[in-house]
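*Asks:* This is the structure, below, for whatever I ask next.
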Amino acid sequence: MAQLQLGDDVPDFTAETTDGPIKFHEYLGNSWGVLFSHPKDFTPVCTTELGRVAALKPEFDKRNVKVVGLSVDPLSSHKEWASDIQETQGTALNFPLIADADKSIANAYGMIHPNASDTFTVRSVYVIGPDKKLKLSLTYPASTGRNFDEVLRVIDSLQLTAKHKVATPADWKQGSDVIIVPAVKDEDAKALFPDGWKTVKPYLRIVPQPK
Ligand code: BEZ
């Protein structure tokens, strides 16, 4: 299938996971979702990533985000690996890890990039909105572990910009100033941002982050 693009409906599927079988869309319900793939079980970078996401689970919960991992190995292997994750990373796996041994989900999402490896998934991250549409995707090679603080930062931006007519500048973090989207004219901005804004250029208008 063609690579998933922003705004597309993400494919639904049923899967075996370390927390039992799930129907993906039903499992997400009205939550946001993060689906992320791993090249292989019992590999060092993946082990650190799963430990890190498990440690950050309260941060995902706070944002109403359900996190789901995926690796193209069988469930028996995932279960054995989970005890290594707990032992070495100090945090037990506390979210479902999909066993996609036949690679059907990996293929549906375009997680296998044949010029990188025709067998294993790359490190994909898909952020999915409550409407089941793709809001963001990231693709990392096997050699580079992801920065999950960045994933949380992006979710903060996605959730804020879904609610208010603002965009977030480079390196923005929760609580920092934001930008009024260019589509909002000054006349309309007065109603949306009654405390005013700073015009740096007519197209660059800065406001405090809306509550
Ligand atoms: C890892 O997770 O450590 C890894 C997986 C595949 C290739 C290289 C590293």
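Every chain in the structure tokens takes a letter, A first, then B, and so on in the order presented; its residues are numbered from 1, and the ligands are numbered from 1 following the presented order.
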From a backbone DSSP assignment, name each residue in chain A labelled alpha helix (DSSP H), as a PyMOL selection string.

*Replies:* chain A and resi 24-28+44-55+57-62+75-89+104-109+148-163+186-192

*Asks:* Using only C-alpha atoms, find each residue in stretch 98-205 of chain A having at least one atom no more than 12 Å away from stretch 61-75 of chain A; report its shortest atom-to-atom pair and that distance in Å (one decimal), rows by chain then rising number, as a Markdown table.

*Replies:*
```
| residue | atom | partner | partner_atom | distance |
| --- | --- | --- | --- | --- |
| A:Ile98 | CA | A:Leu70 | CA | 4.5 |
| A:Ala99 | CA | A:Pro74 | CA | 5.1 |
| A:Asp100 | CA | A:Val72 | CA | 4.4 |
| A:Ala101 | CA | A:Val72 | CA | 4.5 |
| A:Asp102 | CA | A:Val72 | CA | 7.1 |
| A:Lys103 | CA | A:Val72 | CA | 5.9 |
| A:Ser104 | CA | A:Val72 | CA | 9.2 |
| A:Ile105 | CA | A:Leu70 | CA | 8.8 |
| A:Ala106 | CA | A:Val72 | CA | 7.7 |
| A:Asn107 | CA | A:Val72 | CA | 10.6 |
| A:Tyr109 | CA | A:Leu70 | CA | 11.3 |
| A:Met111 | CA | A:Leu70 | CA | 9.9 |
| A:Ile112 | CA | A:Val72 | CA | 10.2 |
| A:Thr119 | CA | A:Val72 | CA | 9.0 |
| A:Phe120 | CA | A:Val72 | CA | 7.1 |
| A:Thr121 | CA | A:Val72 | CA | 7.4 |
| A:Val122 | CA | A:Ser71 | CA | 9.9 |
| A:Arg123 | CA | A:Leu70 | CA | 9.8 |
| A:Ser124 | CA | A:Leu70 | CA | 9.6 |
| A:Val125 | CA | A:Gly69 | CA | 9.3 |
| A:Tyr126 | CA | A:Val68 | CA | 10.0 |
| A:Val127 | CA | A:Val65 | CA | 9.1 |
| A:Ile128 | CA | A:Val65 | CA | 9.1 |
| A:Gly129 | CA | A:Val65 | CA | 9.1 |
| A:Pro130 | CA | A:Val65 | CA | 9.3 |
| A:Phe148 | CA | A:Val67 | CA | 11.5 |
| A:Val151 | CA | A:Val67 | CA | 11.2 |
| A:Leu152 | CA | A:Arg63 | CA | 8.7 |
| A:Arg153 | CA | A:Arg63 | CA | 10.7 |
| A:Val154 | CA | A:Arg63 | CA | 11.4 |
| A:Ile155 | CA | A:Arg63 | CA | 8.0 |
| A:Asp156 | CA | A:Arg63 | CA | 7.8 |
| A:Ser157 | CA | A:Arg63 | CA | 11.3 |
| A:Leu158 | CA | A:Arg63 | CA | 10.9 |
| A:Gln159 | CA | A:Arg63 | CA | 8.6 |
| A:Leu160 | CA | A:Arg63 | CA | 11.0 |
```

*Asks:* Using only C-alpha atoms and all ligand atoms, which protein or nucleic acid residues are at most 10 Å from ligand 1, as a ChimeraX atom specification?

*Replies:* /A:38-49,117,120-123,141-145

*Asks:* What is the distance, in Å and to one decimal place, between atom CA of A:Ser37 and atom CA of A:Lys173?

*Replies:*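 Calculated distance between atom CA of A:Ser37 and atom CA of A:Lys173 is 25.5 Å.
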
*Asks:* When you draw a straight line from atom CA of A:Gly7 to atom CA of A:Ala162, how long is it in Å?

*Replies:* 12.9 Å

*Asks:* Would you mind listing what lies within 10 Å of A:Asn94 as a tab-separated table (two decimals) with N, CA and C atoms, in the first residue's frame, with only C-alpha atoms counted and same-chain residues fewer than 4 positions away left out?

*Replies:*
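Below is the file that was written, part21.tsv:
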```
chain	number	residue	atom	x	y	z
A	18	THR	N	0.56	-8.27	23.98
A	18	THR	CA	0.96	-8.73	25.32
A	18	THR	C	-0.15	-8.48	26.35
A	19	ASP	N	-1.14	-7.63	26.02
A	19	ASP	CA	-2.29	-7.41	26.91
A	19	ASP	C	-3.54	-8.12	26.41
A	50	LEU	N	11.41	0.72	24.75
A	50	LEU	CA	10.19	0.23	25.42
A	50	LEU	C	10.22	0.58	26.90
A	51	GLY	N	11.40	0.52	27.51
A	51	GLY	CA	11.52	0.92	28.91
A	51	GLY	C	11.19	2.40	29.09
A	53	VAL	N	9.28	4.34	27.14
A	53	VAL	CA	7.84	4.60	26.94
A	53	VAL	C	7.06	4.13	28.17
A	54	ALA	N	7.46	3.00	28.75
A	54	ALA	CA	6.77	2.51	29.96
A	54	ALA	C	6.93	3.53	31.09
A	55	ALA	N	8.12	4.11	31.22
A	55	ALA	CA	8.34	5.11	32.28
A	55	ALA	C	7.51	6.38	32.03
A	57	LYS	N	4.56	6.47	30.63
A	57	LYS	CA	3.13	6.15	30.49
A	57	LYS	C	2.24	7.17	31.22
A	67	VAL	N	-0.91	4.28	24.08
A	67	VAL	CA	0.32	3.93	23.38
A	67	VAL	C	0.30	2.44	23.06
A	68	VAL	N	0.67	2.10	21.83
A	68	VAL	CA	0.72	0.69	21.41
A	68	VAL	C	2.02	0.48	20.63
A	82	ALA	N	9.69	-9.13	27.50
A	82	ALA	CA	9.13	-8.19	28.50
A	82	ALA	C	9.85	-8.33	29.84
```

*Asks:* Could you pull out the strand (DSSP E or B) residues of stretch 106-211 of chain A, going by DSSP on the backbone, and write them as a PDB file with C-alpha atoms, in the first residue's frame?

*Replies:*
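After the write, states.pdb holds the following:
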```pdb
ATOM      1  CA  ARG A 123      11.247   2.775  13.760  1.00  0.00           C
ATOM      2  CA  SER A 124       7.946   4.352  12.791  1.00  0.00           C
ATOM      3  CA  VAL A 125       5.789   6.543  15.013  1.00  0.00           C
ATOM      4  CA  TYR A 126       2.183   7.337  14.104  1.00  0.00           C
ATOM      5  CA  VAL A 127       0.199   9.846  16.161  1.00  0.00           C
ATOM      6  CA  ILE A 128      -3.513   9.284  15.591  1.00  0.00           C
ATOM      7  CA  LYS A 133      -6.847  10.223  11.202  1.00  0.00           C
ATOM      8  CA  LEU A 134      -3.064  10.377  10.980  1.00  0.00           C
ATOM      9  CA  LYS A 135      -1.822  13.588  12.641  1.00  0.00           C
ATOM     10  CA  LEU A 136       1.915  12.962  12.506  1.00  0.00           C
ATOM     11  CA  SER A 137       4.407  10.323  11.404  1.00  0.00           C
ATOM     12  CA  LEU A 138       8.110   9.940  12.136  1.00  0.00           C
ATOM     13  CA  THR A 139      10.512   7.459  10.557  1.00  0.00           C
ATOM     14  CA  TYR A 140      13.827   6.617  12.206  1.00  0.00           C
ATOM     15  CA  VAL A 166      -2.700  28.958  16.641  1.00  0.00           C
ATOM     16  CA  ALA A 167       0.475  27.234  15.456  1.00  0.00           C
ATOM     17  CA  VAL A 178       2.444  30.660  20.126  1.00  0.00           C
ATOM     18  CA  ILE A 179       1.625  32.123  16.703  1.00  0.00           C
ATOM     19  CA  ILE A 180      -1.782  33.205  15.396  1.00  0.00           C
ATOM     20  CA  LYS A 198       2.603  41.242  19.315  1.00  0.00           C
ATOM     21  CA  THR A 199       2.965  41.850  15.581  1.00  0.00           C
ATOM     22  CA  VAL A 200       6.566  41.113  14.574  1.00  0.00           C
ATOM     23  CA  LYS A 201       5.561  41.067  10.891  1.00  0.00           C
ATOM     24  CA  LEU A 204       4.063  36.702  12.400  1.00  0.00           C
ATOM     25  CA  ARG A 205       1.777  37.515  15.315  1.00  0.00           C
ATOM     26  CA  ILE A 206       2.766  36.204  18.745  1.00  0.00           C
ATOM     27  CA  VAL A 207       0.322  35.509  21.599  1.00  0.00           C
TER      28      VAL A 207
END
```

*Asks:* Please compute the atom CA of A:Lys163-atom CA of A:Val181 distance, one decimal, in Å.

*Replies:*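 These atoms are spaced 12.4 Å apart.
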
*Asks:* Excluding same-chain residues fewer than 2 positions from stretch 188-195 of chain A, what lies within 9 Å of it counting only C-alpha atoms, as a PDB file with N, CA and C atoms, in the first residue's frame?

*Replies:*
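Ended up saving to around28.pdb:
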```
ATOM      1  N   HIS A 164      -7.341  25.563  19.198  1.00  0.00           N
ATOM      2  CA  HIS A 164      -7.232  27.020  19.046  1.00  0.00           C
ATOM      3  C   HIS A 164      -6.623  27.348  17.676  1.00  0.00           C
ATOM      4  N   LYS A 165      -6.909  28.572  17.205  1.00  0.00           N
ATOM      5  CA  LYS A 165      -6.396  28.957  15.877  1.00  0.00           C
ATOM      6  C   LYS A 165      -4.979  29.483  15.989  1.00  0.00           C
ATOM      7  N   ILE A 180      -0.419  33.200  15.957  1.00  0.00           N
ATOM      8  CA  ILE A 180      -1.782  33.205  15.396  1.00  0.00           C
ATOM      9  C   ILE A 180      -1.700  32.717  13.949  1.00  0.00           C
ATOM     10  N   VAL A 184      -6.269  33.677  10.073  1.00  0.00           N
ATOM     11  CA  VAL A 184      -7.100  34.548  10.925  1.00  0.00           C
ATOM     12  C   VAL A 184      -6.710  36.003  10.666  1.00  0.00           C
ATOM     13  N   LYS A 185      -7.684  36.794  10.211  1.00  0.00           N
ATOM     14  CA  LYS A 185      -7.417  38.218   9.936  1.00  0.00           C
ATOM     15  C   LYS A 185      -7.362  38.978  11.255  1.00  0.00           C
ATOM     16  N   ASP A 186      -6.672  40.121  11.259  1.00  0.00           N
ATOM     17  CA  ASP A 186      -6.561  40.932  12.482  1.00  0.00           C
ATOM     18  C   ASP A 186      -7.930  41.232  13.095  1.00  0.00           C
ATOM     19  N   TRP A 197      -1.913  40.876  20.938  1.00  0.00           N
ATOM     20  CA  TRP A 197      -0.777  40.071  20.466  1.00  0.00           C
ATOM     21  C   TRP A 197       0.315  41.012  20.027  1.00  0.00           C
ATOM     22  N   VAL A 207       1.235  35.380  20.434  1.00  0.00           N
ATOM     23  CA  VAL A 207       0.322  35.509  21.599  1.00  0.00           C
ATOM     24  C   VAL A 207       0.735  34.523  22.680  1.00  0.00           C
ATOM     25  N   PRO A 210      -2.933  29.996  24.594  1.00  0.00           N
ATOM     26  CA  PRO A 210      -4.290  30.008  25.171  1.00  0.00           C
ATOM     27  C   PRO A 210      -4.444  28.898  26.200  1.00  0.00           C
TER      28      PRO A 210
END
```
